[in-house]
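*Asks:* I have a structure here, written as structure tokens, and I will follow up with some questions on it.
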2 protein chains.
Amino acid sequence: MIAILSGGVGAARFALGMANLIDPQDIFIISNVGDDEELHGLHISPDIDTVIYTLGESINPETGWGLNGETWRVMDALAAYGGLTWFRLGDMDLATHLFRTQLLREGVTLTEITDRMRKRWNVKPKILPVTDGHLRTVLFSVSAGVEKRMSFQEYFVQHAHRPIISRVIYDGAEEATATDEVIQTLETASAILIAPSNPVLSIGPILSVPGITDLLLRRRDKVVAVSPIIAGEAVKGPAAKLMSELGLGPSALGVAQYYRKIISAIVIDSADANLATDIRALGIETAVTNTLMDNVEVSRLLAKTALDMIGGGPN
Amino acid sequence: MIAILSGGVGAARFALGMANLIDPQDIFIISNVGDDEELHGLHISPDIDTVIYTLGESINPETGWGLNGETWRVMDALAAYGGLTWFRLGDMDLATHLFRTQLLREGVTLTEITDRMRKRWNVKPKILPVTDGHLRTVLFSVSAGVEKRMSFQEYFVQHAHRPIISRVIYDGAEEATATDEVIQTLETASAILIAPSNPVLSIGPILSVPGITDLLLRRRDKVVAVSPIIAGEAVKGPAAKLMSELGLGPSALGVAQYYRKIISAIVIDSADANLATDIRALGIETAVTNTLMDNVEVSRLLAKTALDMIGGGPN
């Protein structure tokens, strides 16, 4: 059984590759919930949904998020009210949020709801929210001496990740509790893979939940990361820009430095082969391969490379 | 300026007739909110929406509720989850609930939200929720000695108003406050019309808000009701059945008796002409006319008959 620490699009593609490599039932995906958002009274979990829709082979292949064949009847009608439409929710996608919100109101845990969703999309890997409690990534930018607070989605979608970020906090992390399923998965997994997601915004919230980082420190020899940064640029999103703004190196080396205490291995892109020596000097085994997952076969080979590094792969 | 106490479909058709009779800007509709429901985390106000959609000439003419040309993408996708679909929410209609819920979460009052909705649908009459607070019609039935509690929509939609009702309460009424706009409207209106809505389930909640009934008692000479019951049957819904179950007369006479302290006049259907004498004996002026509003002209004439009874009509 292997574990994947997961953000959104990049992680979903990586997990799909893994599901084409090993028995999908042996895959346990531990999902970020720091980018969850309440809009219109609905509880939206974008990372979980992206992973489920991708593994359910229903993702919109052009955007990497949302459902294939989606329609926008509700958003169009909401726009006629002058309603809040910067976060585009498709009609079929809305059903996900209605379903989740109703069950949360009834007291069902996000873990249980996510499992019901997984089954509806015929997804074999288990998907585990890192916590059933409140955990939110909050970003701050400073303008004319005044600090502005943004939720992840306000930063990422509403402001198209343009603001220069001064600091990031994981709101609720101190009181958050990892679920039993997550702890058990991380305790027993033969390999723990950190997907090529934004280290600060997607993986950072997972690591902020009390106990998770300690557990990874203990299991460091089984933890391997895949760099989401290629030649100083994120494949998608603001990972490089944000890391630079926060004083972290915007490179595969920076990613390795960010994770250095909890990983024993990393996979970086061929474009970053020149960084391998510096990363190895940190005490991190380094593999170099193609990491740009523009099709499932690349994803599968990337998953294989990562697994092989710590001997967690199939025979 | 005239006031209409309003439930859903019947009241909406009556108000549409009134809007074809007098200057629509002089009409103030005081809406029931006792049938409001929280589903999927969304705040749904069916009576308000039916009135707005009807006056906005966008109602589905076949059902009398919901929007014309509606689609069901979200409900279909929700059904695939095994989600809660007994209360059918169309795609365009959902935008209304998203809009309302978001603004409620932001602290905007239902009164203000309803006014923004009204403008989007180009509706001229003002629509005023009787209260911005919590007020819910709750019905009870007894089965095998056990009392079962139902919200209005559970009773009306989920159980298709089949259960035999033992009692009805207006949850929250004691603490509810009528809005200033509602009080001012009822204080100053030249006529107060009680629309042909369910007396117990649609008008009863309005009357239960502290101060409203006292105000109507004082203004009784300006209050006229239209009976929703014709020849012992409700035009739509369970009014007659429910009144019978609660020991109230399931007839236009029963309606007059229910309202007797607060109305000085009533309009009943020609089919009930034989009840006029008994109603007049209650001290209630009685007009007899066609009350089956199967087109706008009937609605307009019905509105005229009602207004003429208390001299509130146009010159």
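Residues are referred to by chain and number: the chain letter is A, B, ... according to the order shown in the structure tokens, the number counts from 1 in that chain, and ligands are numbered separately from 1 in the order shown.
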Up to 6 Å from chain B, what residues of chain A turn up? Count only C-alpha atoms and give them as a ChimeraX atom specification.
*Replies:* /A:40-42,73-74,77-78,81,83,91-92,95,98-99,101-102,120
*Asks:* Given the selection you just returned, output its residues as a file containing N, CA and C atoms, formatted as a CSV table (one decimal), in the first residue's frame.
*Replies:*
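Heads up, here's the output in again.csv:
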chain,number,residue,atom,x,y,z
A,40,HIS,N,-21.7,30.8,-1.5
A,40,HIS,CA,-23.1,30.6,-1.7
A,40,HIS,C,-23.7,29.7,-0.6
A,41,GLY,N,-23.0,29.5,0.5
A,41,GLY,CA,-23.4,28.5,1.5
A,41,GLY,C,-22.9,27.1,1.2
A,42,LEU,N,-22.2,26.9,0.1
A,42,LEU,CA,-21.8,25.6,-0.3
A,42,LEU,C,-20.3,25.3,0.1
A,73,ARG,N,-25.4,26.7,-16.8
A,73,ARG,CA,-26.8,27.3,-16.7
A,73,ARG,C,-26.9,28.1,-15.4
A,74,VAL,N,-26.4,27.5,-14.3
A,74,VAL,CA,-26.6,28.2,-13.0
A,74,VAL,C,-25.7,29.5,-12.9
A,77,ALA,N,-27.3,32.2,-14.9
A,77,ALA,CA,-28.4,32.8,-14.2
A,77,ALA,C,-28.0,33.7,-13.0
A,78,LEU,N,-26.9,33.2,-12.3
A,78,LEU,CA,-26.4,33.9,-11.2
A,78,LEU,C,-25.8,35.3,-11.6
A,81,TYR,N,-28.2,38.1,-11.8
A,81,TYR,CA,-28.5,38.7,-10.5
A,81,TYR,C,-27.3,39.7,-10.1
A,83,GLY,N,-24.7,38.3,-9.2
A,83,GLY,CA,-24.1,37.4,-8.1
A,83,GLY,C,-22.6,37.2,-8.2
A,91,ASP,N,-22.6,23.2,-13.8
A,91,ASP,CA,-23.9,22.6,-13.3
A,91,ASP,C,-23.7,21.3,-12.7
A,92,MET,N,-22.9,20.4,-13.3
A,92,MET,CA,-22.7,19.1,-12.8
A,92,MET,C,-21.8,19.1,-11.6
A,95,ALA,N,-23.6,19.9,-8.3
A,95,ALA,CA,-24.2,18.8,-7.7
A,95,ALA,C,-23.3,18.2,-6.6
A,98,LEU,N,-23.5,20.5,-3.6
A,98,LEU,CA,-24.8,20.3,-2.9
A,98,LEU,C,-24.8,19.1,-2.1
A,99,PHE,N,-24.3,18.0,-2.7
A,99,PHE,CA,-24.2,16.7,-2.1
A,99,PHE,C,-23.4,16.8,-0.8
A,101,THR,N,-22.3,19.4,0.9
A,101,THR,CA,-22.8,20.4,1.9
A,101,THR,C,-24.0,19.8,2.7
A,102,GLN,N,-24.9,19.2,2.0
A,102,GLN,CA,-26.1,18.6,2.7
A,102,GLN,C,-25.6,17.5,3.7
A,120,ARG,N,-19.2,6.9,-6.4
A,120,ARG,CA,-20.0,7.4,-7.5
A,120,ARG,C,-19.3,7.5,-8.8
*Asks:* Any idea what's packed within 10 Å of Pro210 in chain A, counting only C-alpha atoms, ignoring anything in its chain fewer than 2 positions away? Could you give it as an MDAnalysis selection string?
*Replies:* chainID A and resid 173:178 206:208 212:215
*Asks:* Residues as selected, C-alpha atoms, written as an mmCIF file, in the first residue's frame, can you do that?
*Replies:*
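Just written: again-v8.cif:
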data_model
loop_
_atom_site.group_PDB
_atom_site.id
_atom_site.type_symbol
_atom_site.label_atom_id
_atom_site.label_comp_id
_atom_site.auth_asym_id
_atom_site.auth_seq_id
_atom_site.Cartn_x
_atom_site.Cartn_y
_atom_site.Cartn_z
ATOM 1 C CA ALA A 173 -3.836 23.997 11.847
ATOM 2 C CA GLU A 174 -3.044 24.125 15.559
ATOM 3 C CA GLU A 175 -6.425 22.687 16.500
ATOM 4 C CA ALA A 176 -6.750 20.378 13.478
ATOM 5 C CA THR A 177 -6.568 16.641 13.957
ATOM 6 C CA ALA A 178 -5.418 14.240 11.278
ATOM 7 C CA ILE A 206 -1.043 18.825 5.033
ATOM 8 C CA LEU A 207 2.323 19.084 6.806
ATOM 9 C CA SER A 208 0.904 21.713 9.181
ATOM 10 C CA ILE A 212 1.991 14.639 10.233
ATOM 11 C CA THR A 213 5.460 16.169 9.925
ATOM 12 C CA ASP A 214 6.737 14.187 12.947
ATOM 13 C CA LEU A 215 5.452 11.021 11.374
#
*Asks:* Need the shell around range 246-255 of chain A: protein/DNA/RNA residues with any atom at most 8 Å away, counting only C-alpha atoms. Skip same-chain ones fewer than 4 positions apart. Format as a PyMOL selection string?
*Replies:* chain A and resi 165-167+199+227-233+239-242+259+268+272+275+278-279
*Asks:* So what do you get for CA of Ile310 in chain A versus CA of Val267 in chain A, distance-wise?
*Replies:*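 Atom-to-atom, CA of Ile310 in chain A and CA of Val267 in chain A are spaced 11.4 Å apart.
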*Asks:* Using DSSP assignments from the backbone, pull out every residue in range 57-176 of chain B that falls under alpha helix (DSSP H) and give it to me as a PyMOL selection string.
*Replies:* chain B and resi 73-80+91-105+110-120+152-153
*Asks:* Emit the selected residues as a CSV table (one decimal), in the first residue's frame, including N, CA and C atoms.
*Replies:*
chain,number,residue,atom,x,y,z
B,73,ARG,N,-30.0,20.1,-15.0
B,73,ARG,CA,-28.7,19.5,-15.0
B,73,ARG,C,-28.2,19.2,-13.6
B,74,VAL,N,-28.3,20.1,-12.7
B,74,VAL,CA,-27.8,19.9,-11.4
B,74,VAL,C,-28.5,18.8,-10.7
B,75,MET,N,-29.8,18.8,-10.8
B,75,MET,CA,-30.6,17.7,-10.1
B,75,MET,C,-30.3,16.3,-10.7
B,76,ASP,N,-30.1,16.3,-12.0
B,76,ASP,CA,-29.7,15.0,-12.6
B,76,ASP,C,-28.4,14.5,-12.1
B,77,ALA,N,-27.4,15.4,-12.0
B,77,ALA,CA,-26.1,15.0,-11.5
B,77,ALA,C,-26.2,14.7,-10.0
B,78,LEU,N,-27.0,15.4,-9.2
B,78,LEU,CA,-27.2,15.1,-7.8
B,78,LEU,C,-27.8,13.7,-7.6
B,79,ALA,N,-28.7,13.3,-8.5
B,79,ALA,CA,-29.4,12.0,-8.4
B,79,ALA,C,-28.3,10.9,-8.6
B,80,ALA,N,-27.3,11.2,-9.5
B,80,ALA,CA,-26.3,10.2,-9.7
B,80,ALA,C,-25.5,9.9,-8.4
B,91,ASP,N,-32.0,24.5,-12.6
B,91,ASP,CA,-30.7,25.2,-12.7
B,91,ASP,C,-30.8,26.7,-12.5
B,92,MET,N,-31.8,27.3,-13.2
B,92,MET,CA,-31.9,28.7,-13.1
B,92,MET,C,-32.4,29.1,-11.7
B,93,ASP,N,-33.3,28.3,-11.2
B,93,ASP,CA,-33.8,28.6,-9.9
B,93,ASP,C,-32.7,28.5,-8.8
B,94,LEU,N,-31.8,27.5,-9.0
B,94,LEU,CA,-30.7,27.4,-8.1
B,94,LEU,C,-29.9,28.7,-8.0
B,95,ALA,N,-29.8,29.4,-9.1
B,95,ALA,CA,-29.0,30.7,-9.0
B,95,ALA,C,-29.7,31.6,-8.0
B,96,THR,N,-31.0,31.6,-7.9
B,96,THR,CA,-31.7,32.4,-6.9
B,96,THR,C,-31.3,32.0,-5.5
B,97,HIS,N,-31.2,30.7,-5.3
B,97,HIS,CA,-30.8,30.2,-3.9
B,97,HIS,C,-29.4,30.5,-3.6
B,98,LEU,N,-28.5,30.4,-4.6
B,98,LEU,CA,-27.1,30.7,-4.4
B,98,LEU,C,-26.9,32.2,-4.0
B,99,PHE,N,-27.6,33.0,-4.8
B,99,PHE,CA,-27.6,34.4,-4.6
B,99,PHE,C,-28.0,34.8,-3.2
B,100,ARG,N,-29.2,34.3,-2.9
B,100,ARG,CA,-29.8,34.6,-1.6
B,100,ARG,C,-28.9,34.2,-0.4
B,101,THR,N,-28.4,32.9,-0.5
B,101,THR,CA,-27.6,32.3,0.6
B,101,THR,C,-26.3,33.1,0.8
B,102,GLN,N,-25.6,33.4,-0.3
B,102,GLN,CA,-24.4,34.2,-0.2
B,102,GLN,C,-24.6,35.5,0.5
B,103,LEU,N,-25.6,36.2,0.1
B,103,LEU,CA,-25.9,37.5,0.7
B,103,LEU,C,-26.3,37.4,2.2
B,104,LEU,N,-27.1,36.3,2.5
B,104,LEU,CA,-27.5,36.1,3.9
B,104,LEU,C,-26.2,35.9,4.7
B,105,ARG,N,-25.3,35.1,4.2
B,105,ARG,CA,-24.0,34.8,4.9
B,105,ARG,C,-23.2,36.1,5.1
B,110,LEU,N,-33.0,39.4,4.5
B,110,LEU,CA,-33.8,38.8,3.5
B,110,LEU,C,-34.7,39.9,2.8
B,111,THR,N,-35.1,40.9,3.5
B,111,THR,CA,-35.8,42.0,2.9
B,111,THR,C,-35.0,42.7,1.8
B,112,GLU,N,-33.8,43.0,2.1
B,112,GLU,CA,-32.9,43.7,1.1
B,112,GLU,C,-32.6,42.7,-0.1
B,113,ILE,N,-32.4,41.5,0.2
B,113,ILE,CA,-32.1,40.5,-0.8
B,113,ILE,C,-33.3,40.3,-1.7
B,114,THR,N,-34.5,40.3,-1.1
B,114,THR,CA,-35.7,40.1,-1.9
B,114,THR,C,-35.9,41.3,-2.8
B,115,ASP,N,-35.5,42.5,-2.3
B,115,ASP,CA,-35.7,43.7,-3.1
B,115,ASP,C,-34.7,43.7,-4.3
B,116,ARG,N,-33.5,43.1,-4.1
B,116,ARG,CA,-32.6,43.0,-5.2
B,116,ARG,C,-33.1,42.0,-6.3
B,117,MET,N,-33.7,40.9,-5.8
B,117,MET,CA,-34.2,39.9,-6.7
B,117,MET,C,-35.3,40.5,-7.5
B,118,ARG,N,-36.2,41.2,-6.8
B,118,ARG,CA,-37.4,41.9,-7.5
B,118,ARG,C,-36.9,42.7,-8.7
B,119,LYS,N,-35.8,43.5,-8.4
B,119,LYS,CA,-35.3,44.4,-9.5
B,119,LYS,C,-34.8,43.6,-10.7
B,120,ARG,N,-34.1,42.5,-10.4
B,120,ARG,CA,-33.5,41.7,-11.4
B,120,ARG,C,-34.6,41.1,-12.4
B,152,PHE,N,-42.6,22.4,6.5
B,152,PHE,CA,-43.6,22.6,5.5
B,152,PHE,C,-43.3,21.8,4.2
B,153,GLN,N,-42.1,22.0,3.8
B,153,GLN,CA,-41.7,21.4,2.5
B,153,GLN,C,-41.7,19.8,2.6
*Asks:* Closest to Met150 in chain A among A:Pro46, A:Ala256, A:Glu37, A:Leu301, using only C-alpha atoms?
*Replies:*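 Selected residue with least distance to Met150 in chain A: A:Glu37.
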*Asks:* Near range 263-266 of chain A, counting only C-alpha atoms, which residues have an atom at most 6 Å away, once you skip same-chain residues fewer than 6 positions from it, shown as a short mmCIF file (atom, residue, chain, number, x, y, z; two decimals) with N, CA and C atoms, in the first residue's frame?
*Replies:*
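Listed below is the output, selection-v9.cif:
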data_model
loop_
_atom_site.label_atom_id
_atom_site.label_comp_id
_atom_site.auth_asym_id
_atom_site.auth_seq_id
_atom_site.Cartn_x
_atom_site.Cartn_y
_atom_site.Cartn_z
N ARG A 220 11.18 9.02 7.04
CA ARG A 220 11.88 9.77 5.97
C ARG A 220 12.45 8.86 4.88
N ASP A 221 12.93 7.69 5.25
CA ASP A 221 13.53 6.79 4.25
C ASP A 221 12.51 6.24 3.27
N VAL A 223 9.98 8.33 2.13
CA VAL A 223 9.29 9.49 1.56
C VAL A 223 10.07 10.03 0.36
N VAL A 224 9.38 10.14 -0.76
CA VAL A 224 9.99 10.68 -1.97
C VAL A 224 9.07 11.77 -2.54
N ALA A 225 9.68 12.86 -2.96
CA ALA A 225 8.91 13.96 -3.54
C ALA A 225 9.14 14.02 -5.05
N VAL A 226 8.19 14.60 -5.74
CA VAL A 226 8.36 14.92 -7.16
C VAL A 226 8.30 16.45 -7.27
N ILE A 284 19.82 14.05 -0.11
CA ILE A 284 18.59 13.59 -0.76
C ILE A 284 18.94 12.90 -2.08
N GLU A 285 18.57 11.64 -2.16
CA GLU A 285 18.79 10.90 -3.40
C GLU A 285 17.99 11.58 -4.52
N THR A 286 18.56 11.67 -5.70
CA THR A 286 17.92 12.46 -6.76
C THR A 286 17.86 11.67 -8.06
#
*Asks:* Show which residues sit within 7 Å of range 61-66 of chain B, as a ChimeraX atom specification. Count only C-alpha atoms, and ignore same-chain residues fewer than 2 positions away.
*Replies:* /B:9,50,59,68,93
*Asks:* Please produce an output containing C-alpha atoms for each residue in the selection, written as a PDB file, in the first residue's frame.
*Replies:*
ATOM      1  CA  VAL B   9     -49.125  30.221  -6.219  1.00  0.00           C
ATOM      2  CA  THR B  50     -43.128  32.114  -6.745  1.00  0.00           C
ATOM      3  CA  ILE B  59     -43.127  31.421 -13.967  1.00  0.00           C
ATOM      4  CA  ASN B  68     -40.342  28.750 -17.547  1.00  0.00           C
ATOM      5  CA  ASP B  93     -33.848  28.575  -9.879  1.00  0.00           C
TER       6      ASP B  93
END
*Asks:* May I have the residues within 8 Å of Leu292 in chain B as a VMD selection string, using only C-alpha atoms and disregarding those fewer than 2 positions away in the same chain?
*Replies:* chain B and resid 235 269 290 294 298
*Asks:* Suppose we keep C-alpha atoms; can you now write the selection as an mmCIF file, in the first residue's frame?
*Replies:*
data_model
loop_
_atom_site.group_PDB
_atom_site.id
_atom_site.type_symbol
_atom_site.label_atom_id
_atom_site.label_comp_id
_atom_site.auth_asym_id
_atom_site.auth_seq_id
_atom_site.Cartn_x
_atom_site.Cartn_y
_atom_site.Cartn_z
ATOM 1 C CA VAL B 235 -57.878 25.057 -6.010
ATOM 2 C CA ASP B 269 -66.686 31.849 -5.277
ATOM 3 C CA ASN B 290 -65.660 33.819 -10.029
ATOM 4 C CA ASP B 294 -57.172 30.462 -14.705
ATOM 5 C CA VAL B 298 -60.104 36.662 -13.932
#
*Asks:* I'd like the contact shell of Asp36 in chain A - 10 Å cut-off, only C-alpha atoms, skipping same-chain residues fewer than 4 positions apart - returned as a PyMOL selection string.
*Replies:* chain A and resi 32+43-48+134-137+151-153
*Asks:* From the DSSP assignment of the backbone, select every residue of range 18-63 of chain A that is strand (DSSP E), and format the answer as a PyMOL selection string.
*Replies:* chain A and resi 27-31+37-39+42-44
*Asks:* Could you save the residues just selected, with C-alpha atoms, as a JSON list (two decimals), in the first residue's frame?
*Replies:*
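To be explicit, this is the file written out as selection.json:
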[["chain", "number", "residue", "atom", "x", "y", "z"],
["A", 27, "ILE", "CA", -3.25, 3.69, -3.48],
["A", 28, "PHE", "CA", -4.25, 6.01, -0.64],
["A", 29, "ILE", "CA", -4.34, 9.68, -1.55],
["A", 30, "ILE", "CA", -4.07, 12.10, 1.36],
["A", 31, "SER", "CA", -5.65, 15.31, 0.16],
["A", 37, "GLU", "CA", -13.95, 27.43, 0.30],
["A", 38, "GLU", "CA", -17.48, 28.34, 1.40],
["A", 39, "LEU", "CA", -19.34, 30.13, -1.37],
["A", 42, "LEU", "CA", -21.80, 25.58, -0.28],
["A", 43, "HIS", "CA", -18.71, 23.73, 0.93],
["A", 44, "ILE", "CA", -16.31, 23.42, -2.00]]
*Asks:* For CA of Gly17 in chain B and CA of Ser190 in chain B, determine how far apart the two atoms are, in Å to one decimal place.
*Replies:*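 Value for the CA of Gly17 in chain B-CA of Ser190 in chain B distance: 17.7 Å.
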*Asks:* Rounded to one decimal in Å, what is the spacing between CA of Arg218 in chain B and CA of Leu201 in chain B?
*Replies:*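 So the two atoms, CA of Arg218 in chain B and CA of Leu201 in chain B, lie 23.3 Å apart.
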*Asks:* Considering only C-alpha atoms, can you say which of A:Leu217, A:Pro238, A:Asp132, A:Pro205 comes closest to Tyr155 in chain A?
*Replies:*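 Using only C-alpha atoms, the shortest distance to Tyr155 in chain A belongs to A:Pro238.
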